[in-house]
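Student: Let me begin by handing over the structure; questions about it come next.
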There are 4 protein chains.
Amino acid sequence: MSSEFGRILRISVFGQSHGRAVGVNIDGLPAGEEINLEELQRFLDRRRPGKSPLSTARKETDVPEFLSGLESGRTCGAPLCAVIWNSDQHSSDYAELRDRPRPGHADYTAAVKWGGRADMRGGGHFSGRLTAPLCVAGGIAKQFLSRRGIYVGAHLDSVAAVSDDPFPLYPTPELFEAVAAKPFPVLDDGAGDRMQEAILAAKRDLDSVGGVIECAAIGLPAGLGDPMFDGVENRLAAALFGIPAVKGVEFGAGFRAARLRGSENNDPFVMAEDGVRAETNRAGGILGGITTGMPLVLRAAVKPTPSIGRPQKTVSLSRGEDTELAIHGRHDPCIAHRAVPVVEAVTAAVLLDMLLEGNHGTF
Amino acid sequence: MSSEFGRILRISVFGQSHGRAVGVNIDGLPAGEEINLEELQRFLDRRRPGKSPLSTARKETDVPEFLSGLESGRTCGAPLCAVIWNSDQHSSDYAELRDRPRPGHADYTAAVKWGGRADMRGGGHFSGRLTAPLCVAGGIAKQFLSRRGIYVGAHLDSVAAVSDDPFPLYPTPELFEAVAAKPFPVLDDGAGDRMQEAILAAKRDLDSVGGVIECAAIGLPAGLGDPMFDGVENRLAAALFGIPAVKGVEFGAGFRAARLRGSENNDPFVMAEDGVRAETNRAGGILGGITTGMPLVLRAAVKPTPSIGRPQKTVSLSRGEDTELAIHGRHDPCIAHRAVPVVEAVTAAVLLDMLLEGNHGTF
Amino acid sequence: MSSEFGRILRISVFGQSHGRAVGVNIDGLPAGEEINLEELQRFLDRRRPGKSPLSTARKETDVPEFLSGLESGRTCGAPLCAVIWNSDQHSSDYAELRDRPRPGHADYTAAVKWGGRADMRGGGHFSGRLTAPLCVAGGIAKQFLSRRGIYVGAHLDSVAAVSDDPFPLYPTPELFEAVAAKPFPVLDDGAGDRMQEAILAAKRDLDSVGGVIECAAIGLPAGLGDPMFDGVENRLAAALFGIPAVKGVEFGAGFRAARLRGSENNDPFVMAEDGVRAETNRAGGILGGITTGMPLVLRAAVKPTPSIGRPQKTVSLSRGEDTELAIHGRHDPCIAHRAVPVVEAVTAAVLLDMLLEGNHGTF
Amino acid sequence: MSSEFGRILRISVFGQSHGRAVGVNIDGLPAGEEINLEELQRFLDRRRPGKSPLSTARKETDVPEFLSGLESGRTCGAPLCAVIWNSDQHSSDYAELRDRPRPGHADYTAAVKWGGRADMRGGGHFSGRLTAPLCVAGGIAKQFLSRRGIYVGAHLDSVAAVSDDPFPLYPTPELFEAVAAKPFPVLDDGAGDRMQEAILAAKRDLDSVGGVIECAAIGLPAGLGDPMFDGVENRLAAALFGIPAVKGVEFGAGFRAARLRGSENNDPFVMAEDGVRAETNRAGGILGGITTGMPLVLRAAVKPTPSIGRPQKTVSLSRGEDTELAIHGRHDPCIAHRAVPVVEAVTAAVLLDMLLEGNHGTF
């Protein structure tokens with residue numbers, strides 16, 4: 001088992017970058033739910049490359065074809081399988097990479113694990129292309145959640161050394177929509193401009209940059225999640241590290257909490273009109289692995305794209321000697337901005353899965 | 001399912017802080033393996049409180065009694081169940097917390113989830129006390145791994161604003177042992193002294209501090225882990241967030257990678273005598289979710305202990321009004337240093353589980 | 001993972017027959033539920049040996065001690081661990097069986113799998129003794145189900161060539177209780193007498209007999225279970241084959257259905273006062289893996305006890321040659337009647353687990 | 001989770017009978033293994049209908065298209081997704097069945113579970129059509145197993161009251177092939193003729209018949225499987241009940257064992273040239289859930305096809321009243337003979353999954 005996650009809602013991603021298709025099979029979706037295909041396409045388009053000089057010039061259509069599970073626009077209780085056919089492949093670009101693994105990329109580990117048997121053209125099953133079907137699943141989950149008053153949104157928290165504003169204490173659905181509608185997903189457009197400059201500067205240098213994505217979910221009931229290994233944090237982290245290039249995940253104040261005192265990090269409880277609230281949200285909406293009812297807030301760190309044009313040291317696996325590599329072809333100088341909807345997708349899918357389990361603590 | 005993790009090796013933790021016992025059931029241990037009980041006890045003692053003014057004065061014995069799975073000092077193929085009997089409980093300390101949830105603690109989420117039905121005395125099943133049986137499991141895993149040349153070690157990376165040195169590029173078993181033998185688990189004892197001062201300063205202020213733990217595993221084969229959702233990062237993160245107070249997990253350069261350029265973050269491959277190595281290890285020994293053969297390096301952020309003596313704002317759940325809370329009783333001003341062996345334990349357990357799956361990629 | 005089952009409700013059985021204790025850890029029980037310990041003990045006593053010449057003369061107390069999860073008589077949300085301490089062990093009886101595996105017993109497969117490292121005294125972890133903690137879990141599940149109008153009952157369908165009456169089309173809770181209160185669990189006491197004679201005849205011949213158990217569950221909602229591999233049949237069968245000596249499981253008409261025509265096997269639907277009913281129940285309350293609302297009916301075949309006093313051909317593993325074996329010690333000439341509550345226990349546990357998942361098909 | 005099984009090898013089946021396609025996603029296949037597509041097609045053709053008056057006249061092509069996981073004829077480590085496009089659908093045949101559920105069919109339970117939202121045309125996701133992709137997975141598993149000397153074969157054990165010979169004590173690969181090559185999969189062709197007559201007689205009566213399939217696996221290592229709930233029987237049964245219409249599963253002597261004495265049912269061990277053997281195989285190659293090294297033998301009972309032409313009593317769900325139903329359209333008078341390769345497929349898939357786990361008992 002590798003390219004699957006979820007318990008009630010099982011999401012299985014398949015495909016290789018230069019294979020016939022990429023796709024997703026979703027088992028366990030509630031039946032009778034409408035899927036708004038236009039809304040889904042708009043969500044998928046946020047991830048799609050080829051729209052600006054900030055990302056690869058590869059054209060990907062990213063239009064899913066539904067093979068099962070969807071009848072007359074509604075889920076029918078059977079597993080939903082959707083595929084996105086591949087095209088615009090330049091596999092020849094990758095021929096030499098079989099022997100000379102790209103630093104920072106899965107080329108080497110795939111070679112160790114599967115020898116020459118892996119289909120690593122275009123990154124194969126490790127490619128960012130696999131986040132397209134992941135967004136099909138997550139985009140569907142987002143729709144189902146929003147009908148129950150639960151909204152998931154994200155923005156670019158930082159790129160290189162440039163930081164966006166953080167989400168406010170209480171983000172709103174309107175804020176999520178506003179960010180999603182922007183060509184560059186930030187709260188502060190000035191910061192967004194500087195981030196784009198940093199990306200283009202890296203591109204000019206045949207280099208790349210990373211970034212951090214902040215994601216929030218609002219409208220969640222308090223009491224979701226179970227203690228120890230089945231908390232909201234465990235399950236979100238397990239899935240978020242499945243997004244290619246994610247190297248860190250934190251909730252609420254996260255790593256910064258480690259530098260605070262208890263009196264600074266604890267969120268004071270206060271009575272509000274609609275019940276207990278916290279005055280601050282350093283917990284990120286989670287205490288003991290269980291939701292507090294405050295917004296869930298997490299951040300995922302995305303490393304700089306490993307495929308860069310600058311010459312790099314590597315080895316020839318066949319000859320067993322040091323060599324050099326300069327990667328040509330069309331690569332993203334930054335994938336963090338395109339990963340924003342992917343983080344939303346994974347977050348939404350995990351939360352829907354947990355909600356589908358029901359509040360079995362009390363049945 | 002909540003207090004369990006693992007696939008081949010299933011580790012189930014049970015018990016409440018002030019119940020009859022805490023314990024662990026381990027299903028799937030290889031048979032015929034010796035468990036060195038003295039070595040295990042030394043490992044458990046590293047976590048045990050009551051040894052210095054840095055931690056709670058509670059006396060916990062932490063001596064496991066084995067109910068099954070161990071015969072004549074060796075595992076026998078059947079599930080291994082070990083219990084640690086509880087004692088030295090002052091449950092009266094916790095009576096008022098039922099109504100007035102401690103900020104930053106699971107009191108509130110447990111109250112929402114289970115109403116008054118949860119046994120939250122001493123933190124109940126959310127207590128750090130549950131990390132004792134977790135260390136039984138992890139201590140056993142560490143022994144099994146070390147017999148196969150795989151070593152797991154950790155140190156305090158930081159407390160409050162004080163940082164230790166990072167692990168060197170190639171940590172050794174001897175280094176791990178040296179840190180483990182210290183009363184305060186750091187590489188740089190000067191930094192350790194300053195950390196302890198920070199903890200004692202917080203204690204004097206009736207406050208607490210957090211910290212970061214860095215953990216490494218050496219001797220792992222390259223090729224361990226599967227793509228996307230079943231990688232080494234996914235599975236380690238899923239379990240590490242089960243340690244109470246952990247709010248962030250990162251691998252290799254982690255969040256710092258997001259600030260680097262690709263040319264800085266990529267680890268150049270070079271030929272060494274024993275095969276392919278990387279000149280640096282910003283990947284933390286993992287590319288595409290799969291081990292590279294370089295040391296696996298991760299960091300976990302531990303928030304400051306939420307139970308502090310300073311008066312804090314909270315609410316009375318029964319009266320639905322704002323109130324104040326000053327927690328008495330014996331609490332740790334910092335748990336990060338005691339969490340060092342716990343992070344080792346969880347890391348070792350996850351890695352053993354993954355190794356027990358075999359290299360099914362090729363069978 | 002081996003001695004565990006369940007998805008939301010995880011039941012882990014541990015212990016060896018002649019070890020310190022046998023026990024069970026139950027993760028995922030709903031919180032705040034009362035456990036009636038007297039009722040539980042009465043249930044456990046149905047399985048307990050030493051009550052008549054029909055079973056082994058071993059005295060087993062079978063009184064569970066609760067280590068966690070139970071406070072003031074109610075579940076508290078944390079995993080519930082219960083142990084039954086072992087006593088009355090005559091381990092010397094088993095010394096020679098290490099070398100000369102009993103035909104029909106797990107001695108040989110344990111020897112192959114774990115060499116001499118398994119603790120096979122008294123059958124070790126394969127012993128029928130392990131069904132005692134299983135009954136703790138199942139007895140608790142039965143209580144929780146009955147409070148929601150769901151009742152599970154069973155009787156001995158046959159022993160050797162003697163058959164009991166089948167359950168009526170609509171068994172009642174009163175019928176289940178009446179059978180459970182009998183010293184020999186049958187509907188037709190005349191058949192029961194003949195079964196007991198068959199058991200005693202086998203005992204006189206230093207031999208043993210098998211039997212079939214029929215189990216029913218009433219009050220289940222229609223619509224429980226999911227298609228294909230997650231149906232009620234799949235999950236019940238997966239767990240029922242965990243009861244030692246079970247070699248067959250069937251639902252409704254089961255194997256007899258294979259001899260019927262469609263017109264005979266199909267259950268005609270009719271309108272009743274309370275909705276759709278079936279006139280017959282050859283489906284055993286399950287169509288397409290999903291409950292129909294009719295009583296769920298299953299049968300489990302229990303093979304004759306492999307440990308018999310008659311001389312049997314076997315091999316000496318150490319000398320690699322044919323030899324003979326006559327097993328002494330105290331063995332049951334039949335375990336089918338004692339397995340009746342065990343089948344109830346497993347059935348109840350699986351059904352509770354499925355109910356705790358909620359009707360996620362529609363959420 | 002519903003239409004999935006397996007632990008290391010995850011097999012997810014999707015599609016509805018009259019949807020766009022049916023298919024399977026297989027995650028966890030070993031990499032670098034050749035898939036012989038001609039051999040696979042021959043296997044799929046054994047299940048395919050439309051070849052004789054014994055089965056439905058529907059034409060199904062059953063030629064899989066591989067979307068991922070297969071490159072240059074070999075598995076590449078990534079999940080393998082294969083689809084079979086649907087065609088030849090007469091959905092209008094099913095319009096009336098929405099309101100009048102067929103007795104013995106999942107129409108009713110699907111209506112309860114999902115209301116009118118299920119796509120039940122042609123049986124929807126409950127259709128026998130879903131066994132086509134299951135056979136793609138199982139056919140691949142059979143190839144991988146046979147390269148390691150493990151062979152899986154099956155025959156029709158009985159149809160209605162007509163019985164075939166049982167497999168001999170030691171079935172051979174040649175015997176499996178010989179049965180597979182026959183137009184009607186039996187050992188004794190005379191019995192096969194009588195079975196076919198029984199099927200055609202039922203067809204003439206607008207009725208149907210059921211049957212039993214016996215399946216064996218040879219070449220398995222001894223020691224496969226784990227105690228209690230993770231034995232070979234548990235895992236095979238859990239998957240076999242996923243085949244539509246299977247209502248009973250037994251191993252070795254199965255239900256007949258319940259009528260034997262221990263001295264008759266125990267298989268005596270003897271020394272053979274190549275190690276320990278059993279003189280008989282009433283255990284079906286499994287003791288304590290673990291393989292003995294003798295042939296694994298199981299039987300699955302298949303109920304008669306519920307869709308029959310004879311008028312049957314049912315209800316109108318919309319009007320809440322009794323009514324009658326005579327099913328037209330093309331239905332199989334028997335599916336047991338077509339289920340023979342399906343039972344092989346599921347058995348092979350489960351065994352490959354268990355083998356891929358490795359002998360983690362000893363690592």
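Just remember, in the structure tokens the first chain shown is A, the second B, etc., residues are 1-based per chain, and ligands are 1-based in the order shown.
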Please determine the contact residues of chain A with respect to chain D at a cut-off of 6 Å, counting only C-alpha atoms, and supply them as a list in words.
Tutor: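 In the required form, that comes to Met1, Ile8, Arg10, Phe14, Gly15, Arg20, Ala21, Asp27, Gly28, Gly32, Leu67, Ser68, Cys76, Gly77, Ala78, Pro79, Arg117, Ala118, Asp119 and His125 of chain A.
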Student: Return as a PyMOL selection string the full set of residues in stretch 144-291 of chain A whose backbone-based DSSP assignment is strand (DSSP E).
Tutor: chain A and resi 151-159+162-163+211-218+246-251+269-272+275-278+286-287+290-291
Student: May I have the residues from that selection written out with C-alpha atoms, as a PDB file, in the first residue's frame?
Tutor:
ATOM      1  CA  TYR A 151     -14.613  25.537   4.459  1.00  0.00           C
ATOM      2  CA  VAL A 152     -10.975  24.877   3.659  1.00  0.00           C
ATOM      3  CA  GLY A 153      -8.704  27.585   2.315  1.00  0.00           C
ATOM      4  CA  ALA A 154      -5.008  28.229   1.948  1.00  0.00           C
ATOM      5  CA  HIS A 155      -2.506  30.846   0.910  1.00  0.00           C
ATOM      6  CA  LEU A 156       1.209  31.109   0.312  1.00  0.00           C
ATOM      7  CA  ASP A 157       2.672  31.868   3.708  1.00  0.00           C
ATOM      8  CA  SER A 158       6.124  32.513   2.306  1.00  0.00           C
ATOM      9  CA  VAL A 159       8.355  32.070  -0.702  1.00  0.00           C
ATOM     10  CA  VAL A 162       9.293  36.808   1.591  1.00  0.00           C
ATOM     11  CA  SER A 163       6.371  36.319   3.973  1.00  0.00           C
ATOM     12  CA  GLY A 211       7.873  28.147   0.143  1.00  0.00           C
ATOM     13  CA  VAL A 212       5.443  27.531   2.964  1.00  0.00           C
ATOM     14  CA  ILE A 213       1.699  27.102   2.619  1.00  0.00           C
ATOM     15  CA  GLU A 214      -0.731  27.995   5.377  1.00  0.00           C
ATOM     16  CA  CYS A 215      -4.056  26.205   5.303  1.00  0.00           C
ATOM     17  CA  ALA A 216      -7.120  26.666   7.518  1.00  0.00           C
ATOM     18  CA  ALA A 217     -10.418  24.866   7.965  1.00  0.00           C
ATOM     19  CA  ILE A 218     -13.374  26.616   9.525  1.00  0.00           C
ATOM     20  CA  VAL A 246       6.646  18.642   1.507  1.00  0.00           C
ATOM     21  CA  LYS A 247       9.364  18.377   4.188  1.00  0.00           C
ATOM     22  CA  GLY A 248       7.636  19.812   7.245  1.00  0.00           C
ATOM     23  CA  VAL A 249       4.158  20.066   8.736  1.00  0.00           C
ATOM     24  CA  GLU A 250       3.123  22.058  11.790  1.00  0.00           C
ATOM     25  CA  PHE A 251      -0.129  22.984  13.487  1.00  0.00           C
ATOM     26  CA  PHE A 269     -10.728  30.226  27.070  1.00  0.00           C
ATOM     27  CA  VAL A 270     -13.526  32.782  27.141  1.00  0.00           C
ATOM     28  CA  MET A 271     -17.300  32.616  26.905  1.00  0.00           C
ATOM     29  CA  ALA A 272     -18.678  33.942  23.644  1.00  0.00           C
ATOM     30  CA  GLY A 275     -20.189  29.027  23.505  1.00  0.00           C
ATOM     31  CA  VAL A 276     -16.601  28.558  24.526  1.00  0.00           C
ATOM     32  CA  ARG A 277     -13.980  30.260  22.386  1.00  0.00           C
ATOM     33  CA  ALA A 278     -10.253  30.823  22.703  1.00  0.00           C
ATOM     34  CA  ILE A 286      -6.412  21.208  18.068  1.00  0.00           C
ATOM     35  CA  LEU A 287      -5.772  20.130  21.667  1.00  0.00           C
ATOM     36  CA  ILE A 290      -9.043  16.752  18.997  1.00  0.00           C
ATOM     37  CA  THR A 291     -10.628  19.822  17.439  1.00  0.00           C
TER      38      THR A 291
END
Student: Find the residues around A:Arg148 up to 12 Å (only C-alpha atoms counted), leave out those fewer than 2 positions away in its own chain, and share them as JSON, numbers by chain.
Tutor: {"A": [33, 141, 142, 143, 144, 145, 146, 150, 151, 152, 218, 219, 220, 221, 352, 355], "C": [363]}
Student: Using C-alpha atoms, can you export the residues from the last selection as a PDB file, in the first residue's frame?
Tutor:
ATOM      1  CA  GLU A  33     -24.172  14.109  -3.462  1.00  0.00           C
ATOM      2  CA  ALA A 141     -14.326  16.733  -0.723  1.00  0.00           C
ATOM      3  CA  LYS A 142     -14.274  20.542  -0.534  1.00  0.00           C
ATOM      4  CA  GLN A 143     -17.674  20.716  -2.197  1.00  0.00           C
ATOM      5  CA  PHE A 144     -19.203  18.184   0.172  1.00  0.00           C
ATOM      6  CA  LEU A 145     -17.732  19.934   3.197  1.00  0.00           C
ATOM      7  CA  SER A 146     -18.860  23.403   2.137  1.00  0.00           C
ATOM      8  CA  ILE A 150     -17.060  23.567   6.579  1.00  0.00           C
ATOM      9  CA  TYR A 151     -14.613  25.537   4.459  1.00  0.00           C
ATOM     10  CA  VAL A 152     -10.975  24.877   3.659  1.00  0.00           C
ATOM     11  CA  ILE A 218     -13.374  26.616   9.525  1.00  0.00           C
ATOM     12  CA  GLY A 219     -16.757  25.349  10.638  1.00  0.00           C
ATOM     13  CA  LEU A 220     -15.442  22.064  12.012  1.00  0.00           C
ATOM     14  CA  PRO A 221     -17.276  20.698  15.012  1.00  0.00           C
ATOM     15  CA  LEU A 352     -14.182  14.539   5.158  1.00  0.00           C
ATOM     16  CA  LEU A 355     -16.284  13.327   9.567  1.00  0.00           C
TER      17      LEU A 355
ATOM     18  CA  PHE C 363     -23.723  11.218   6.286  1.00  0.00           C
TER      19      PHE C 363
END
Student: DSSP on the backbone, helix (DSSP H, G or I) only: what residues of stretch 212-324 of chain A does that give? Format it as a list in words.
Tutor: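 Matching residues, listed in order: Met228, Phe229, Asp230, Val232, Glu233, Asn234, Arg235, Leu236, Ala237, Ala238, Ala239, Leu240, Gly254, Phe255, Arg256, Ala257, Ala258, Arg259, Gly262, Ser263, Glu264 and Asn265 of chain A.
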Student: Skip C:Gly242 itself and residues of its chain fewer than 5 positions away, then list as a list in words all residues within 9 Å of it, counting only C-alpha atoms.
Tutor: Ser3, Ala237 and Val346 of chain C; Pro227, Met228, Phe229, Asp230, Gly231, Glu233, Asn234, Gly288 and Gly289 of chain D
Student: One number please: atom CA of A:Leu97 to atom CA of A:Leu206, in Å, one decimal.
Tutor: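 Atom CA of A:Leu206 lies at a distance of 17.8 Å from atom CA of A:Leu97.
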Student: Could you name the residues that touch D:Gln312 at 7 Å or less, counting only C-alpha atoms, but leaving out those on the same chain fewer than 2 positions away, as a list in words?
Tutor: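 Skipping anything fewer than 2 positions along the chain leaves Pro268 of chain C; Arg310, Thr314, Glu324, Leu325 and Ala326 of chain D.
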Student: Would you save the residues of that selection, restricted to N, CA, C and O atoms, as a compact mmCIF listing (two decimals), in the first residue's frame?
Tutor:
# COMPACT_ATOMS: atom_id res chain seq x y z
N PRO C 268 -39.06 -14.23 -0.99
CA PRO C 268 -40.04 -13.27 -1.52
C PRO C 268 -40.24 -12.09 -0.58
O PRO C 268 -40.33 -12.27 0.64
N ARG D 310 -39.13 -16.72 -13.83
CA ARG D 310 -40.40 -17.12 -13.24
C ARG D 310 -41.00 -15.97 -12.44
O ARG D 310 -40.27 -15.20 -11.81
N THR D 314 -42.95 -9.89 -4.89
CA THR D 314 -42.11 -8.82 -4.36
C THR D 314 -43.01 -7.67 -3.97
O THR D 314 -44.24 -7.83 -3.93
N GLU D 324 -45.97 -8.49 -8.07
CA GLU D 324 -45.28 -9.64 -8.66
C GLU D 324 -44.24 -9.14 -9.65
O GLU D 324 -44.32 -8.02 -10.14
N LEU D 325 -43.29 -9.98 -9.92
CA LEU D 325 -42.20 -9.58 -10.81
C LEU D 325 -41.77 -10.78 -11.64
O LEU D 325 -41.58 -11.88 -11.13
N ALA D 326 -41.66 -10.56 -12.94
CA ALA D 326 -41.08 -11.58 -13.82
C ALA D 326 -39.93 -10.89 -14.56
O ALA D 326 -40.16 -9.96 -15.32
Student: Find the spatial neighbours of stretch 99-104 of chain D, counting only C-alpha atoms, within a cut-off of 6 Å - ignore same-chain residues fewer than 5 positions away - and output them as a list in words.
Tutor: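 Surrounding residues, per the criterion: Asn266, Asp267 and Pro268 of chain C; Pro306, Val315, Ser316 and Leu317 of chain D.
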Student: Could you pull the residues within 6 Å of C:Ala258, counting only C-alpha atoms, minus those fewer than 2 positions along the same chain, as a JSON list (two decimals) with C-alpha atoms, in the first residue's frame?
Tutor:
[["chain", "number", "residue", "atom", "x", "y", "z"],
["C", 255, "PHE", "CA", -23.80, -24.39, 1.37],
["C", 256, "ARG", "CA", -27.35, -25.69, 1.09],
["C", 260, "LEU", "CA", -31.42, -25.04, -4.43],
["D", 210, "GLY", "CA", -26.23, -22.78, -7.66],
["D", 211, "GLY", "CA", -23.03, -24.65, -7.10],
["D", 301, "ALA", "CA", -20.79, -21.99, -2.07],
["D", 302, "VAL", "CA", -22.45, -19.94, -4.79],
["D", 303, "LYS", "CA", -26.18, -19.44, -4.50]]
